[in-house]
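A.B. asks: Next up, model26.cif (mmCIF, C-alpha atoms).
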data_input
loop_
_atom_site.label_atom_id
_atom_site.label_comp_id
_atom_site.auth_asym_id
_atom_site.auth_seq_id
_atom_site.Cartn_x
_atom_site.Cartn_y
_atom_site.Cartn_z
CA MET A 1 0.00 0.00 0.00
CA THR A 2 1.43 3.40 -1.00
CA GLY A 3 1.37 6.59 1.01
CA MET A 4 -1.35 7.99 -1.27
CA ASP A 5 -3.49 4.90 -0.66
CA VAL A 6 -3.26 5.53 3.07
CA LEU A 7 -4.30 9.17 2.68
CA LYS A 8 -7.32 8.13 0.63
CA GLY A 9 -8.64 5.94 3.46
CA ARG A 10 -11.59 7.16 5.48
CA GLY A 11 -9.79 6.60 8.77
CA ALA A 12 -6.76 8.59 7.63
CA ARG A 13 -8.97 11.51 6.55
CA ALA A 14 -10.73 11.48 9.90
CA PHE A 15 -7.39 11.42 11.72
CA LEU A 16 -6.05 14.38 9.72
CA LEU A 17 -9.22 16.37 10.37
CA MET A 18 -8.96 15.69 14.07
CA LEU A 19 -5.35 16.89 14.05
CA LEU A 20 -6.49 20.10 12.34
CA PHE A 21 -9.22 20.53 14.94
CA ILE A 22 -6.71 20.16 17.78
CA ALA A 23 -4.38 22.65 16.08
CA VAL A 24 -7.14 25.25 15.81
CA MET A 25 -8.15 24.70 19.44
CA ALA A 26 -4.53 25.29 20.47
CA ALA A 27 -4.32 28.42 18.31
CA VAL A 28 -7.41 30.07 19.77
CA ALA A 29 -6.21 29.37 23.30
CA LEU A 30 -2.81 31.01 22.80
CA PRO A 31 -2.33 34.55 24.19
CA VAL A 32 -1.98 36.17 20.74
CA ARG A 33 -1.74 39.95 20.93
CA ALA A 34 -4.79 41.85 19.67
CA ASP A 35 -3.18 45.30 19.50
CA GLY A 36 -5.04 47.67 17.17
CA LEU A 37 -8.31 45.72 17.44
CA THR A 38 -11.14 47.99 18.60
CA SER A 39 -14.03 46.68 20.69
CA GLU A 40 -16.36 47.29 17.73
CA GLU A 41 -14.14 45.30 15.35
CA GLN A 42 -13.95 42.48 17.88
CA ALA A 43 -17.75 42.41 18.15
CA GLN A 44 -18.32 42.70 14.39
CA ALA A 45 -15.93 39.81 13.67
CA ASN A 46 -18.86 37.44 14.21
CA ASN A 47 -21.55 39.58 12.56
CA PRO A 48 -22.92 37.79 9.46
CA LEU A 49 -24.33 41.16 8.31
CA ALA A 50 -21.12 43.18 8.70
CA SER A 51 -21.02 45.60 5.78
CA MET A 52 -17.63 44.51 4.43
CA LYS A 53 -16.12 41.86 2.19
CA THR A 54 -15.80 38.60 4.09
CA LEU A 55 -14.23 35.26 3.20
CA ASN A 56 -15.04 32.25 5.40
CA PHE A 57 -13.65 28.70 5.56
CA GLN A 58 -15.62 26.43 7.89
CA ASN A 59 -15.40 22.68 8.39
CA TYR A 60 -17.87 20.32 10.10
CA TYR A 61 -16.31 16.96 10.93
CA ILE A 62 -19.01 14.46 11.95
CA PRO A 63 -17.55 11.32 13.58
CA LYS A 64 -20.94 9.95 14.66
CA LEU A 65 -24.26 9.74 12.78
CA THR A 66 -27.62 8.72 14.24
CA GLY A 67 -28.68 5.21 13.24
CA VAL A 68 -25.57 4.69 11.06
CA PRO A 69 -22.85 3.01 13.15
CA ASP A 70 -19.18 3.17 12.19
CA GLU A 71 -19.71 5.90 9.58
CA VAL A 72 -18.36 9.46 9.41
CA ALA A 73 -19.16 12.53 7.33
CA ASN A 74 -17.52 15.88 6.65
CA THR A 75 -18.57 19.20 5.11
CA PHE A 76 -16.15 22.00 4.26
CA TRP A 77 -17.86 25.33 3.47
CA PHE A 78 -16.51 28.10 1.27
CA ARG A 79 -18.39 31.34 1.94
CA TYR A 80 -18.02 34.83 0.49
CA ALA A 81 -20.02 37.94 1.45
CA GLN A 82 -20.07 41.21 -0.50
CA PRO A 83 -22.06 44.36 0.34
CA ILE A 84 -23.73 46.07 -2.64
CA GLY A 85 -25.35 49.25 -1.40
CA PRO A 86 -27.86 48.35 1.36
CA VAL A 87 -27.86 44.66 0.35
CA LEU A 88 -25.39 42.03 1.58
CA ILE A 89 -24.90 39.12 -0.83
CA ARG A 90 -23.60 35.85 0.64
CA ALA A 91 -22.68 32.77 -1.39
CA SER A 92 -21.94 29.36 0.17
CA LEU A 93 -20.56 26.26 -1.56
CA PRO A 94 -19.95 22.97 0.31
CA LEU A 95 -17.33 20.32 -0.36
CA ALA A 96 -18.75 17.24 1.35
CA THR A 97 -18.09 13.59 2.13
CA VAL A 98 -21.04 11.36 3.05
CA PRO A 99 -21.23 7.61 3.85
CA GLY A 100 -21.68 5.18 0.97
CA GLY A 101 -20.10 4.75 -2.41
CA GLU A 102 -16.58 3.54 -3.12
CA ALA A 103 -13.70 3.88 -0.66
CA GLY A 104 -16.12 4.22 2.26
CA GLY A 105 -17.72 7.48 1.15
CA THR A 106 -18.89 9.80 -1.63
CA SER A 107 -17.07 13.11 -1.96
CA GLY A 108 -17.55 16.20 -4.12
CA LEU A 109 -19.24 19.57 -4.40
CA GLY A 110 -22.71 20.16 -2.99
CA ASP A 111 -25.43 22.64 -3.95
CA LEU A 112 -24.54 26.35 -4.25
CA ASN A 113 -26.56 28.59 -1.93
CA ILE A 114 -26.90 32.39 -2.32
CA PHE A 115 -28.99 34.89 -0.38
CA GLY A 116 -29.31 38.66 -0.50
CA ALA A 117 -30.17 40.39 2.79
CA TYR A 118 -31.53 43.93 2.65
CA LEU A 119 -30.11 45.73 5.70
CA ALA A 120 -33.30 47.27 7.07
CA VAL A 121 -31.56 48.15 10.35
CA GLN A 122 -27.85 48.90 10.48
CA LYS A 123 -26.69 50.32 13.80
CA PRO A 124 -23.66 49.54 16.00
CA ALA A 125 -25.89 47.82 18.58
CA LEU A 126 -28.36 46.15 16.18
CA THR A 127 -28.28 44.87 12.60
CA PHE A 128 -31.22 43.26 10.83
CA GLY A 129 -31.50 41.96 7.28
CA VAL A 130 -34.01 39.99 5.23
CA GLY A 131 -34.19 38.90 1.61
CA PRO A 132 -34.51 36.13 -0.97
CA LEU A 133 -32.51 32.90 -1.08
CA PHE A 134 -31.71 30.64 -4.03
CA ALA A 135 -30.08 27.19 -4.15
CA PHE A 136 -28.68 25.73 -7.36
CA PRO A 137 -28.21 21.99 -8.16
CA THR A 138 -24.42 22.13 -8.53
CA ALA A 139 -23.69 18.86 -6.67
CA THR A 140 -21.27 16.57 -8.47
CA GLU A 141 -22.96 13.42 -7.05
CA ASP A 142 -26.62 12.65 -6.30
CA ALA A 143 -25.82 11.88 -2.65
CA LEU A 144 -24.36 15.37 -2.16
CA GLY A 145 -27.29 17.49 -3.33
CA SER A 146 -31.02 17.70 -3.94
CA GLY A 147 -31.02 17.71 -7.75
CA LYS A 148 -33.51 20.59 -7.47
CA TRP A 149 -33.66 24.32 -8.10
CA GLN A 150 -34.79 25.90 -4.84
CA ALA A 151 -35.94 29.31 -3.66
CA GLY A 152 -36.82 30.76 -0.29
CA ALA A 153 -35.88 33.48 2.15
CA ALA A 154 -33.29 34.40 4.77
CA MET A 155 -33.60 36.54 7.88
CA VAL A 156 -30.60 37.58 9.99
CA THR A 157 -30.20 39.67 13.12
CA PHE A 158 -27.14 40.61 15.18
CA ALA A 159 -27.24 42.52 18.47
CA VAL A 160 -24.55 43.90 20.79
CA PRO A 161 -26.35 44.45 24.12
CA THR A 162 -23.02 45.03 25.94
CA PRO A 163 -19.40 45.37 24.73
CA ASN A 164 -18.69 41.84 25.96
CA VAL A 165 -21.79 40.06 24.62
CA GLN A 166 -23.04 39.50 21.07
CA LEU A 167 -26.28 37.70 20.24
CA GLY A 168 -28.10 36.94 17.02
CA GLY A 169 -29.73 34.46 14.74
CA LEU A 170 -29.98 33.30 11.13
CA VAL A 171 -33.16 31.67 9.79
CA THR A 172 -33.38 30.30 6.26
CA TRP A 173 -36.08 28.43 4.36
CA GLN A 174 -35.86 26.92 0.90
CA ALA A 175 -38.18 24.76 -1.20
CA SER A 176 -37.81 23.15 -4.61
CA PHE A 177 -39.69 24.47 -7.65
CA SER A 178 -37.95 22.67 -10.53
CA GLY A 179 -35.24 20.15 -11.31
CA ASP A 180 -34.83 16.40 -11.63
CA GLU A 181 -38.32 14.88 -11.62
CA ASP A 182 -36.96 11.62 -10.22
CA ARG A 183 -35.71 13.36 -7.08
CA GLU A 184 -37.86 14.14 -4.05
CA ALA A 185 -39.21 17.64 -3.49
CA THR A 186 -37.58 19.73 -0.76
CA SER A 187 -38.75 22.11 1.95
CA LEU A 188 -35.97 22.81 4.44
CA MET A 189 -35.58 25.23 7.32
CA ALA A 190 -32.41 26.04 9.24
CA VAL A 191 -32.36 28.03 12.48
CA GLN A 192 -29.03 29.18 13.90
CA PRO A 193 -29.12 31.10 17.19
CA PHE A 194 -25.66 32.25 18.18
CA GLY A 195 -23.98 33.96 21.09
CA MET A 196 -20.49 35.19 21.91
CA TRP A 197 -18.96 36.24 25.21
CA GLN A 198 -15.73 38.23 25.00
CA LEU A 199 -13.05 37.19 27.49
CA GLY A 200 -10.56 39.90 26.58
CA GLY A 201 -7.47 39.98 24.38
CA GLY A 202 -9.50 38.90 21.35
CA THR A 203 -10.51 35.56 22.91
CA TYR A 204 -14.18 34.68 23.23
CA VAL A 205 -16.57 31.84 24.05
CA ARG A 206 -19.05 30.91 21.29
CA SER A 207 -22.15 28.81 20.68
CA THR A 208 -23.46 28.58 17.10
CA GLY A 209 -25.24 25.25 16.58
CA ILE A 210 -27.54 25.08 13.51
CA MET A 211 -30.94 23.43 13.95
CA ALA A 212 -32.08 21.72 10.74
CA PHE A 213 -35.70 20.81 9.92
CA ASP A 214 -36.98 18.80 6.93
CA LEU A 215 -40.55 20.11 6.69
CA LEU A 216 -41.68 17.33 4.36
CA SER A 217 -40.33 14.22 6.12
CA GLY A 218 -40.54 15.62 9.65
CA ASN A 219 -36.90 14.80 10.40
CA TYR A 220 -34.88 17.31 12.42
CA ASN A 221 -31.62 17.83 14.26
CA VAL A 222 -31.01 20.18 17.21
CA PRO A 223 -27.38 20.52 18.35
CA PHE A 224 -25.78 22.48 21.17
CA GLY A 225 -22.25 23.80 20.77
CA LEU A 226 -19.70 25.43 23.05
CA GLY A 227 -16.29 26.50 21.78
CA LEU A 228 -13.52 29.09 21.74
CA GLY A 229 -12.54 31.76 19.24
CA LYS A 230 -9.70 34.23 18.76
CA VAL A 231 -9.93 37.53 16.86
CA VAL A 232 -6.77 39.30 15.69
CA LYS A 233 -6.12 42.18 13.29
CA ALA A 234 -3.36 42.39 10.70
CA GLY A 235 -3.33 45.58 8.65
CA PRO A 236 -6.71 46.06 6.93
CA MET A 237 -7.90 42.54 7.79
CA VAL A 238 -9.53 40.97 10.84
CA PHE A 239 -8.98 37.23 11.32
CA ASN A 240 -11.39 35.15 13.39
CA MET A 241 -10.25 31.59 14.23
CA PHE A 242 -12.54 29.26 16.12
CA ALA A 243 -13.25 25.69 17.16
CA GLU A 244 -16.55 24.40 18.56
CA PRO A 245 -17.69 20.87 19.45
CA GLN A 246 -21.44 20.44 18.93
CA PHE A 247 -23.59 17.73 20.54
CA THR A 248 -27.05 16.74 19.30
CA ILE A 249 -29.66 17.05 22.05
CA LEU A 250 -32.79 16.32 19.95
CA HIS A 251 -33.20 14.54 16.64
CA LYS A 252 -35.50 12.51 14.42
CA GLY A 253 -34.36 10.43 11.46
CA MET A 254 -31.34 8.38 10.48
CA GLY A 255 -28.09 9.91 9.32
CA GLN A 256 -28.35 13.03 11.49
CA PRO A 257 -25.15 14.37 13.09
CA ALA A 258 -24.94 12.98 16.64
CA LEU A 259 -21.60 14.70 17.30
CA GLN A 260 -19.74 17.19 15.16
CA PHE A 261 -16.68 19.41 15.40
CA LEU A 262 -16.77 22.85 13.80
CA PHE A 263 -13.56 24.70 13.14
CA GLY A 264 -12.76 27.51 10.77
CA LEU A 265 -11.31 30.84 9.78
CA ASN A 266 -13.27 33.99 8.93
CA MET A 267 -11.52 36.94 7.27
CA GLN A 268 -13.01 40.44 7.09
CA PHE A 269 -11.53 43.12 4.83
CA VAL A 270 -12.29 46.13 7.00
CA SER A 271 -10.80 48.66 4.58
CA SER A 272 -13.69 48.01 2.18
CA LYS A 273 -16.13 49.97 4.30
#
Represent the supplied structure as structure tokens.

C.D. replies:
Amino acid sequence: MTGMDVLKGRGARAFLLMLLFIAVMAAVALPVRADGLTSEEQAQANNPLASMKTLNFQNYYIPKLTGVPDEVANTFWFRYAQPIGPVLIRASLPLATVPGGEAGGTSGLGDLNIFGAYLAVQKPALTFGVGPLFAFPTATEDALGSGKWQAGAAMVTFAVPTPNVQLGGLVTWQASFSGDEDREATSLMAVQPFGMWQLGGGTYVRSTGIMAFDLLSGNYNVPFGLGLGKVVKAGPMVFNMFAEPQFTILHKGMGQPALQFLFGLNMQFVSSK
């Protein structure tokens, strides 16, 4: 067996992802200096409606699935946000691995998701946006996408009640209206309440679990997460590194994440304001 064969194995991929998770956890715990980072920039580092260009890399490693023993899954998200006047456009594209197929899993691109949020309220202490959402059947394998064109809506809010606390939520809904007739129709809702507590020096505690509801089948997943993040500034950019284990507390249906590890890097280009 060659070195490449080893890296292609499911166990090796899981091991490498866990090493990356541990590395991120170590990074956010280090006393990195946050000189030049204002309290507003530190708060806005987690604002999904921040009016600036933002590039996000987020990975969900799922070592345990409900009703599917000895299987793992993984989703790596590429996200880009761009303000255009009073509207913030955000595009998300997943690179996923799910159980089944050859070599212990099926891997490839998932469905592209784009929403435009009109910033109806944009104040330092409160931001609120709402607008349309579209999902495109860009998945490279049937197991990685819906095979449907979908449309819906997104609503986002972000509040800063105190300098040390940030609260908010993201709610999206999407339903199919066209696409592969052999694939099942979709009607999906995601609810993500999130909260951050600043500890000082750019370090913060976070909880950002996403509740997922399939409105047609009745299946759902409700996780709870608790992790650490670190915000630092370098020139015109703010970097936000984080790691967050998430545990499912309520679920219905097979193949739901029972345990997942979120880790990632968000980059905001503050000079674009």

A.B. asks: Report, as lines of an AutoDock Vina configuration file, the axis-aligned box around all atoms of range 258-272 of chain A present in the file, extended by 4 Å on each side; give centre and edge lengths in Å to one decimal place.

C.D. replies:
center_x = -17.9
center_y = 30.8
center_z = 9.7
size_x = 22.1
size_y = 43.7
size_z = 23.1

A.B. asks: Run the PyMOL selection byres ((chain A and resi 130) around 6) mentally over the shown coordinates, then write out the matched residues as number ranges by chain, using the chain letters and numbers from the document.

C.D. replies: A: 117-118, 129, 131, 154-155

A.B. asks: Translate the PyMOL selection byres ((chain A and resi 77-92) around 10), as applied to the file shown, into an explicit residue set as a PyMOL selection string.

C.D. replies: chain A and resi 48-60+74-76+93-96+109-122+129-131+133-135+264+266-268+272-273

A.B. asks: Which is closer to Gln198 in chain A than all the others in A:Gly152, A:Pro163, A:Pro223, A:Gly108, using all atoms listed in the file?

C.D. replies: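 Once distances to Gln198 in chain A are computed over all atoms listed in the file, the minimum belongs to A:Pro163.
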
A.B. asks: Mind pulling up the distance from CA of Gly195 in chain A to CA of Pro236 in chain A?

C.D. replies: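 Distance between the two atoms: 25.4 Å.
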
A.B. asks: Which of these, A:Ala258, A:Ala43, A:Ala190, A:Met196, has the shortest distance to Pro63 in chain A once you count all atoms listed in the file?

C.D. replies: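 Distance minimum relative to Pro63 in chain A lands on A:Ala258.
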
A.B. asks: For CA of Asp214 in chain A and CA of Pro245 in chain A, determine how far apart the two atoms are, in Å to one decimal place.

C.D. replies: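 Interatomic distance, CA of Asp214 in chain A to CA of Pro245 in chain A: 23.1 Å.
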
A.B. asks: Excluding range 176-188 of chain A and residues on its chain fewer than 4 positions from it, collect all residues at most 9 Å away from it, counting only C-alpha atoms, and give them as a list in words.

C.D. replies: Ala135, Pro137, Ser146, Gly147, Lys148, Trp149, Gln150, Ala151, Gly152, Thr172, Ala212, Phe213, Asp214, Leu215 and Leu216 of chain A

A.B. asks: Could you work out how far CA of Gly235 in chain A lies from CA of Arg206 in chain A, giving the answer in Å with one decimal?

C.D. replies: 24.9 Å

A.B. asks: Pick out the closest residue to Gln44 in chain A from this set: A:Gly202, A:Pro69, A:Pro193, A:Gly105. Count all atoms listed in the file.

C.D. replies: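 Of the candidates, the smallest distance to Gln44 in chain A is held by A:Gly202.
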
A.B. asks: Find, counting all atoms listed in the file, the residue in A:Gly168, A:Gly201, A:Gly218, A:Gly255 that gets nearest to Pro99 in chain A.

C.D. replies: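 Answer, going by the shortest atom-to-atom distance: A:Gly255.
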
A.B. asks: Show which residues sit within 9 Å of Leu126 in chain A, as a list in words. Count all atoms listed in the file, and ignore same-chain residues fewer than 4 positions away.

C.D. replies: Val121, Gln122, Thr157, Phe158, Ala159, Val160 and Pro161 of chain A

A.B. asks: Any chance you could turn range 141-185 of chain A into a file with N, CA and C atoms, as a tab-separated table (two decimals), in the first residue's frame?

C.D. replies:
chain	number	residue	atom	x	y	z
A	141	GLU	N	-22.41	14.76	-7.25
A	141	GLU	CA	-22.96	13.42	-7.05
A	141	GLU	C	-24.37	13.55	-6.47
A	142	ASP	N	-25.25	12.59	-6.80
A	142	ASP	CA	-26.62	12.65	-6.30
A	142	ASP	C	-26.68	12.69	-4.78
A	143	ALA	N	-25.79	11.96	-4.11
A	143	ALA	CA	-25.82	11.88	-2.65
A	143	ALA	C	-25.44	13.19	-1.98
A	144	LEU	N	-24.87	14.14	-2.74
A	144	LEU	CA	-24.36	15.37	-2.16
A	144	LEU	C	-25.28	16.56	-2.37
A	145	GLY	N	-26.39	16.38	-3.08
A	145	GLY	CA	-27.29	17.49	-3.33
A	145	GLY	C	-28.71	17.03	-3.55
A	146	SER	N	-29.59	17.99	-3.81
A	146	SER	CA	-31.02	17.70	-3.94
A	146	SER	C	-31.43	17.41	-5.38
A	147	GLY	N	-30.62	17.84	-6.36
A	147	GLY	CA	-31.02	17.71	-7.75
A	147	GLY	C	-32.14	18.67	-8.12
A	148	LYS	N	-32.40	19.67	-7.27
A	148	LYS	CA	-33.51	20.59	-7.47
A	148	LYS	C	-33.05	22.04	-7.46
A	149	TRP	N	-33.77	22.87	-8.23
A	149	TRP	CA	-33.66	24.32	-8.10
A	149	TRP	C	-34.56	24.72	-6.95
A	150	GLN	N	-34.04	25.54	-6.04
A	150	GLN	CA	-34.79	25.90	-4.84
A	150	GLN	C	-34.78	27.41	-4.62
A	151	ALA	N	-35.84	27.89	-4.00
A	151	ALA	CA	-35.94	29.31	-3.66
A	151	ALA	C	-36.56	29.42	-2.28
A	152	GLY	N	-36.29	30.55	-1.63
A	152	GLY	CA	-36.82	30.76	-0.29
A	152	GLY	C	-36.44	32.13	0.22
A	153	ALA	N	-36.18	32.20	1.52
A	153	ALA	CA	-35.88	33.48	2.15
A	153	ALA	C	-34.90	33.29	3.29
A	154	ALA	N	-34.23	34.39	3.65
A	154	ALA	CA	-33.29	34.40	4.77
A	154	ALA	C	-33.56	35.62	5.63
A	155	MET	N	-33.45	35.44	6.94
A	155	MET	CA	-33.60	36.54	7.88
A	155	MET	C	-32.46	36.46	8.89
A	156	VAL	N	-31.78	37.56	9.11
A	156	VAL	CA	-30.60	37.58	9.99
A	156	VAL	C	-30.70	38.78	10.92
A	157	THR	N	-30.31	38.57	12.17
A	157	THR	CA	-30.20	39.67	13.12
A	157	THR	C	-28.95	39.50	13.96
A	158	PHE	N	-28.36	40.62	14.37
A	158	PHE	CA	-27.14	40.61	15.18
A	158	PHE	C	-27.21	41.78	16.15
A	159	ALA	N	-27.11	41.49	17.44
A	159	ALA	CA	-27.24	42.52	18.47
A	159	ALA	C	-26.02	42.53	19.37
A	160	VAL	N	-25.67	43.72	19.85
A	160	VAL	CA	-24.55	43.90	20.79
A	160	VAL	C	-25.11	44.59	22.03
A	161	PRO	N	-25.75	43.83	22.94
A	161	PRO	CA	-26.35	44.45	24.12
A	161	PRO	C	-25.32	45.07	25.07
A	162	THR	N	-24.12	44.47	25.16
A	162	THR	CA	-23.02	45.03	25.94
A	162	THR	C	-21.73	44.84	25.15
A	163	PRO	N	-20.66	45.55	25.47
A	163	PRO	CA	-19.40	45.37	24.73
A	163	PRO	C	-18.86	43.95	24.78
A	164	ASN	N	-19.24	43.19	25.81
A	164	ASN	CA	-18.69	41.84	25.96
A	164	ASN	C	-19.61	40.73	25.45
A	165	VAL	N	-20.81	41.07	25.02
A	165	VAL	CA	-21.79	40.06	24.62
A	165	VAL	C	-22.35	40.39	23.25
A	166	GLN	N	-22.39	39.39	22.38
A	166	GLN	CA	-23.04	39.50	21.07
A	166	GLN	C	-24.03	38.35	20.92
A	167	LEU	N	-25.22	38.68	20.43
A	167	LEU	CA	-26.28	37.70	20.24
A	167	LEU	C	-26.88	37.87	18.84
A	168	GLY	N	-27.47	36.81	18.32
A	168	GLY	CA	-28.10	36.94	17.02
A	168	GLY	C	-28.70	35.64	16.55
A	169	GLY	N	-29.14	35.66	15.31
A	169	GLY	CA	-29.73	34.46	14.74
A	169	GLY	C	-29.85	34.56	13.23
A	170	LEU	N	-29.80	33.41	12.58
A	170	LEU	CA	-29.98	33.30	11.13
A	170	LEU	C	-31.04	32.23	10.88
A	171	VAL	N	-32.09	32.60	10.15
A	171	VAL	CA	-33.16	31.67	9.79
A	171	VAL	C	-33.27	31.64	8.27
A	172	THR	N	-33.20	30.45	7.69
A	172	THR	CA	-33.38	30.30	6.26
A	172	THR	C	-34.44	29.24	5.97
A	173	TRP	N	-35.12	29.42	4.85
A	173	TRP	CA	-36.08	28.43	4.36
A	173	TRP	C	-35.94	28.34	2.85
A	174	GLN	N	-35.95	27.12	2.34
A	174	GLN	CA	-35.86	26.92	0.90
A	174	GLN	C	-36.70	25.72	0.49
A	175	ALA	N	-37.33	25.83	-0.69
A	175	ALA	CA	-38.18	24.76	-1.20
A	175	ALA	C	-37.94	24.62	-2.70
A	176	SER	N	-38.07	23.41	-3.19
A	176	SER	CA	-37.81	23.15	-4.61
A	176	SER	C	-38.98	23.62	-5.47
A	177	PHE	N	-38.66	24.08	-6.70
A	177	PHE	CA	-39.69	24.47	-7.65
A	177	PHE	C	-39.45	23.89	-9.04
A	178	SER	N	-38.28	23.28	-9.24
A	178	SER	CA	-37.95	22.67	-10.53
A	178	SER	C	-36.75	21.75	-10.32
A	179	GLY	N	-36.40	21.02	-11.40
A	179	GLY	CA	-35.24	20.15	-11.31
A	179	GLY	C	-35.54	18.73	-11.73
A	180	ASP	N	-34.71	17.81	-11.28
A	180	ASP	CA	-34.83	16.40	-11.63
A	180	ASP	C	-36.15	15.85	-11.11
A	181	GLU	N	-37.01	15.38	-12.02
A	181	GLU	CA	-38.32	14.88	-11.62
A	181	GLU	C	-38.24	13.58	-10.84
A	182	ASP	N	-37.12	12.88	-10.96
A	182	ASP	CA	-36.96	11.62	-10.22
A	182	ASP	C	-36.49	11.83	-8.78
A	183	ARG	N	-36.15	13.06	-8.44
A	183	ARG	CA	-35.71	13.36	-7.08
A	183	ARG	C	-36.86	13.91	-6.25
A	184	GLU	N	-36.80	13.70	-4.94
A	184	GLU	CA	-37.86	14.14	-4.05
A	184	GLU	C	-37.87	15.66	-3.92
A	185	ALA	N	-39.07	16.21	-3.73
A	185	ALA	CA	-39.21	17.64	-3.49
A	185	ALA	C	-38.57	18.01	-2.15
